[in-house]
Each structure stands twice: as structure tokens, then as C-alpha cells.
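J.: One structure is given below, represented as C-alpha cells, and several questions about it will come after.
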Amino acid sequence: MFEATFKIAALVESNEQGQPVFQFVKHADPVDDAGFLSLVETVYQQDVYRTLQVGDDLTVTVHIDLPPRDTEKTLHFREDGRFEGEGISEPTEELLPLISSMSEHFRRQVQSGDVLTISFQVQRL
């Protein structure tokens, strides 16, 4: 059995306009919502997708620490390079819309000091 987990965790802060921004690295500028999704997409494409093999299961989890809240979907990677599973009406190659919709509710509710985490867990039997 093979298992790999990729996590993206961001500390939520507020910018001058009171909008949430996401701090990934201590000495770097925080990013807005679009920047957050861009980083998630980059990690998915460059790390997660390259790890997947036919038959793997991919569990996507979005989590906020306090109070603890999360949502999770498990998908199956098919021979044709598409995913099927929870939250997908028909097999698809593109997961960013699913990830965006899963995290949208949390991204709207975050407050300064929250930690928002998106994780990708690849499991291979």
C-alpha cells in the first residue's frame, strides 16, 4: 500500500480593507482569495497530479481549526485520466472547480487568526 499526503496550510489575516488574506510563509506577502486558489492549483498540478496512478483514490479535505470544521470528498482516478466520486455528476479531469466550491464556504467564514488547510491524500492499494 502506498499513501502520500500533500497539505497547504494558511494563517488567515486581514488586509487594510478588512478582507481576509492568506499567509503561507512568515516573511512573504499574504495573498488574497484568488492567490490562495492559484497556489492550491499549482500544488495540485505540480505535486498531487504527478503522483497519481490509475486506480488511486484521492481524498480532498478542507479544514478550519477553531471551531473544528471540515469537508471531505473521496475520488477515484480512472484509466482515462478522469476522476469519479463524491460531488462529481460525471467523470472529469478538472478538479479545481470542485476544490474551489468545497473551500468557498470556509473562505467566506474565516476570521483573522484562523488556520485554513487543504489536504490531498493519495492512496494506492
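Just so we're on the same page: first chain in the C-alpha cells is A, next is B, and so on; residues restart at 1 for each chain, and ligands are numbered from 1 in the order they show up.
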Excluding region 111-124 of chain A and its own-chain neighbours fewer than 6 positions away, which residues fall within 6 Å of it when counting only C-alpha atoms? Please give them as a list in words.

T.: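 Once the nearby chain positions are removed, what remains is Met1, Phe2, Glu3, Ala4, Thr5, Phe6, Lys7, Ile8, Ala9, Ala10, Leu11, Val12, Glu13, Ser14, Asp56, Asp57, Leu58, Thr59, Val60, Thr61, Val62, His63, Ile64 and Asp65 of chain A.
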
J.: For N, CA, C and O atoms, I'd like the residues from the last selection saved as a compact mmCIF listing (two decimals), in the first residue's frame.

T.:
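File produced: part-v9.txt:
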# COMPACT_ATOMS: atom_id res chain seq x y z
N MET A 1 0.84 -1.17 0.00
CA MET A 1 0.00 0.00 0.00
C MET A 1 0.88 1.24 0.00
O MET A 1 1.89 1.30 0.69
N PHE A 2 0.50 2.22 -0.79
CA PHE A 2 1.20 3.50 -0.90
C PHE A 2 0.25 4.60 -0.46
O PHE A 2 -0.93 4.57 -0.78
N GLU A 3 0.78 5.56 0.29
CA GLU A 3 -0.03 6.70 0.72
C GLU A 3 0.84 7.94 0.75
O GLU A 3 1.98 7.89 1.22
N ALA A 4 0.32 9.03 0.21
CA ALA A 4 1.03 10.32 0.25
C ALA A 4 0.02 11.40 0.58
O ALA A 4 -1.11 11.38 0.09
N THR A 5 0.42 12.33 1.43
CA THR A 5 -0.45 13.44 1.82
C THR A 5 0.26 14.75 1.50
O THR A 5 1.42 14.94 1.86
N PHE A 6 -0.46 15.65 0.83
CA PHE A 6 0.03 16.98 0.50
C PHE A 6 -0.87 17.97 1.22
O PHE A 6 -2.10 17.93 1.04
N LYS A 7 -0.28 18.85 2.05
CA LYS A 7 -1.08 19.81 2.81
C LYS A 7 -0.66 21.24 2.49
O LYS A 7 0.53 21.54 2.37
N ILE A 8 -1.66 22.08 2.41
CA ILE A 8 -1.45 23.52 2.26
C ILE A 8 -2.16 24.17 3.44
O ILE A 8 -3.39 24.04 3.57
N ALA A 9 -1.41 24.83 4.30
CA ALA A 9 -2.00 25.49 5.46
C ALA A 9 -1.69 26.98 5.39
O ALA A 9 -0.57 27.36 5.07
N ALA A 10 -2.70 27.78 5.68
CA ALA A 10 -2.53 29.24 5.63
C ALA A 10 -3.13 29.87 6.88
O ALA A 10 -4.24 29.52 7.28
N LEU A 11 -2.39 30.80 7.46
CA LEU A 11 -2.90 31.61 8.55
C LEU A 11 -3.71 32.74 7.93
O LEU A 11 -3.24 33.43 7.03
N VAL A 12 -4.93 32.93 8.42
CA VAL A 12 -5.78 33.98 7.89
C VAL A 12 -5.51 35.27 8.64
O VAL A 12 -5.47 35.30 9.87
N GLU A 13 -5.30 36.34 7.88
CA GLU A 13 -5.12 37.69 8.42
C GLU A 13 -6.10 38.61 7.72
O GLU A 13 -6.82 38.16 6.82
N SER A 14 -6.14 39.86 8.09
CA SER A 14 -6.99 40.85 7.42
C SER A 14 -6.12 41.91 6.79
O SER A 14 -5.13 42.35 7.38
N ASP A 56 -5.85 4.84 -8.19
CA ASP A 56 -5.65 5.52 -6.91
C ASP A 56 -6.93 6.19 -6.45
O ASP A 56 -7.77 6.60 -7.26
N ASP A 57 -7.05 6.34 -5.13
CA ASP A 57 -8.11 7.14 -4.55
C ASP A 57 -7.47 8.44 -4.05
O ASP A 57 -6.38 8.43 -3.47
N LEU A 58 -8.17 9.55 -4.30
CA LEU A 58 -7.71 10.86 -3.86
C LEU A 58 -8.77 11.44 -2.94
O LEU A 58 -9.92 11.61 -3.33
N THR A 59 -8.37 11.72 -1.70
CA THR A 59 -9.27 12.36 -0.75
C THR A 59 -8.85 13.81 -0.60
O THR A 59 -7.70 14.10 -0.28
N VAL A 60 -9.80 14.71 -0.85
CA VAL A 60 -9.56 16.15 -0.73
C VAL A 60 -10.30 16.61 0.53
O VAL A 60 -11.50 16.36 0.68
N THR A 61 -9.57 17.26 1.43
CA THR A 61 -10.15 17.73 2.69
C THR A 61 -9.87 19.21 2.85
O THR A 61 -8.75 19.67 2.63
N VAL A 62 -10.91 19.97 3.24
CA VAL A 62 -10.77 21.38 3.58
C VAL A 62 -11.11 21.48 5.06
O VAL A 62 -12.15 20.97 5.51
N HIS A 63 -10.25 22.16 5.83
CA HIS A 63 -10.37 22.17 7.29
C HIS A 63 -10.07 23.56 7.86
O HIS A 63 -9.13 24.21 7.40
N ILE A 64 -10.85 23.97 8.85
CA ILE A 64 -10.56 25.16 9.65
C ILE A 64 -10.42 24.67 11.09
O ILE A 64 -11.22 23.85 11.56
N ASP A 65 -9.42 25.21 11.80
CA ASP A 65 -9.10 24.71 13.14
C ASP A 65 -10.14 25.03 14.22
O ASP A 65 -10.53 24.15 14.97

J.: Report as a compact mmCIF listing (two decimals) with N, CA, C and O atoms, in the first residue's frame all protein, DNA and RNA residues lying within 8 Å of region 25-41 of chain A, evaluated on only C-alpha atoms, omitting residues in the same chain fewer than 4 positions from it.

T.:
# COMPACT_ATOMS: atom_id res chain seq x y z
N ILE A 8 -1.66 22.08 2.41
CA ILE A 8 -1.45 23.52 2.26
C ILE A 8 -2.16 24.17 3.44
O ILE A 8 -3.39 24.04 3.57
N PRO A 20 -10.17 39.12 4.16
CA PRO A 20 -9.24 38.07 4.56
C PRO A 20 -8.12 37.89 3.52
O PRO A 20 -8.36 37.98 2.32
N VAL A 21 -6.92 37.69 4.02
CA VAL A 21 -5.77 37.34 3.19
C VAL A 21 -5.11 36.12 3.85
O VAL A 21 -5.29 35.88 5.04
N GLN A 45 -1.39 20.54 -9.43
CA GLN A 45 -0.85 20.19 -10.75
C GLN A 45 0.58 19.69 -10.69
O GLN A 45 0.95 18.74 -11.37
N LEU A 96 -10.17 21.66 -10.02
CA LEU A 96 -10.17 22.97 -9.38
C LEU A 96 -11.58 23.49 -9.09
O LEU A 96 -11.82 24.03 -8.01
N SER A 100 -12.53 24.47 -5.36
CA SER A 100 -12.99 25.84 -5.12
C SER A 100 -14.34 25.84 -4.43
O SER A 100 -14.55 26.56 -3.45
N ARG A 107 -13.78 29.78 3.09
CA ARG A 107 -13.04 31.01 2.77
C ARG A 107 -13.88 32.24 3.07
O ARG A 107 -13.34 33.29 3.40
N ILE A 118 -5.95 22.81 3.30
CA ILE A 118 -6.45 21.93 2.25
C ILE A 118 -5.45 20.80 2.12
O ILE A 118 -4.23 21.04 2.01

J.: Go through region 69-108 of chain A and collect every residue that DSSP, computed from the backbone, puts in helix (DSSP H, G or I); the answer should be as a PyMOL selection string.

T.: chain A and resi 96-108

J.: Against region 69-85 of chain A, which residues of region 102-125 of chain A fall within 9 Å? For each one I want the closest pair of atoms and the distance in Å (one decimal), counting only C-alpha atoms, rows by chain and increasing residue number, as a tab-separated table.

T.:
residue	atom	partner	partner_atom	distance
A:Met102	CA	A:Thr71	CA	7.0
A:Ser103	CA	A:Thr71	CA	8.2
A:Phe106	CA	A:Asp70	CA	8.5

J.: Residues of the last selection are to be written out with all heavy atoms, as an mmCIF file, in the first residue's frame.

T.:
data_model
loop_
_atom_site.group_PDB
_atom_site.id
_atom_site.type_symbol
_atom_site.label_atom_id
_atom_site.label_comp_id
_atom_site.auth_asym_id
_atom_site.auth_seq_id
_atom_site.Cartn_x
_atom_site.Cartn_y
_atom_site.Cartn_z
ATOM 1 N N MET A 102 -15.711 23.403 -2.682
ATOM 2 C CA MET A 102 -15.579 22.805 -1.346
ATOM 3 C C MET A 102 -15.063 23.815 -0.333
ATOM 4 O O MET A 102 -15.485 23.826 0.815
ATOM 5 C CB MET A 102 -14.606 21.620 -1.378
ATOM 6 C CG MET A 102 -15.138 20.360 -1.986
ATOM 7 S SD MET A 102 -13.871 19.059 -2.029
ATOM 8 C CE MET A 102 -13.571 18.755 -0.280
ATOM 9 N N SER A 103 -14.123 24.653 -0.760
ATOM 10 C CA SER A 103 -13.485 25.582 0.177
ATOM 11 C C SER A 103 -14.159 26.946 0.239
ATOM 12 O O SER A 103 -13.890 27.717 1.146
ATOM 13 C CB SER A 103 -12.005 25.746 -0.182
ATOM 14 O OG SER A 103 -11.856 26.343 -1.454
ATOM 15 N N PHE A 106 -15.866 27.946 3.546
ATOM 16 C CA PHE A 106 -14.887 28.213 4.597
ATOM 17 C C PHE A 106 -14.144 29.522 4.344
ATOM 18 O O PHE A 106 -13.883 30.278 5.270
ATOM 19 C CB PHE A 106 -13.890 27.064 4.711
ATOM 20 C CG PHE A 106 -14.495 25.792 5.209
ATOM 21 C CD1 PHE A 106 -14.495 24.655 4.426
ATOM 22 C CD2 PHE A 106 -15.076 25.709 6.460
ATOM 23 C CE1 PHE A 106 -15.050 23.477 4.879
ATOM 24 C CE2 PHE A 106 -15.642 24.537 6.924
ATOM 25 C CZ PHE A 106 -15.636 23.411 6.129
#

J.: How many Å lie between CA of Glu94 (chain A) and CA of Arg50 (chain A), rounded to one decimal?

T.: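 If I compute the distance from CA of Glu94 (chain A) to CA of Arg50 (chain A), I get 14.0 Å.
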
J.: Enumerate the residues of chain A with a DSSP assignment of strand (DSSP E), computed from the backbone, and present them as a ChimeraX atom specification.

T.: /A:2-14,20-23,57-64,69-77,83-85,115-124

J.: Kindly give the distance, in Å, that separates CA of Tyr49 (chain A) and CA of Glu90 (chain A), rounded to a single decimal.

T.: 19.1 Å

J.: Quick one, how far is CA of Val110 (chain A) from CA of Glu16 (chain A)?

T.: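 Going from CA of Val110 (chain A) over to CA of Glu16 (chain A) covers 16.1 Å.
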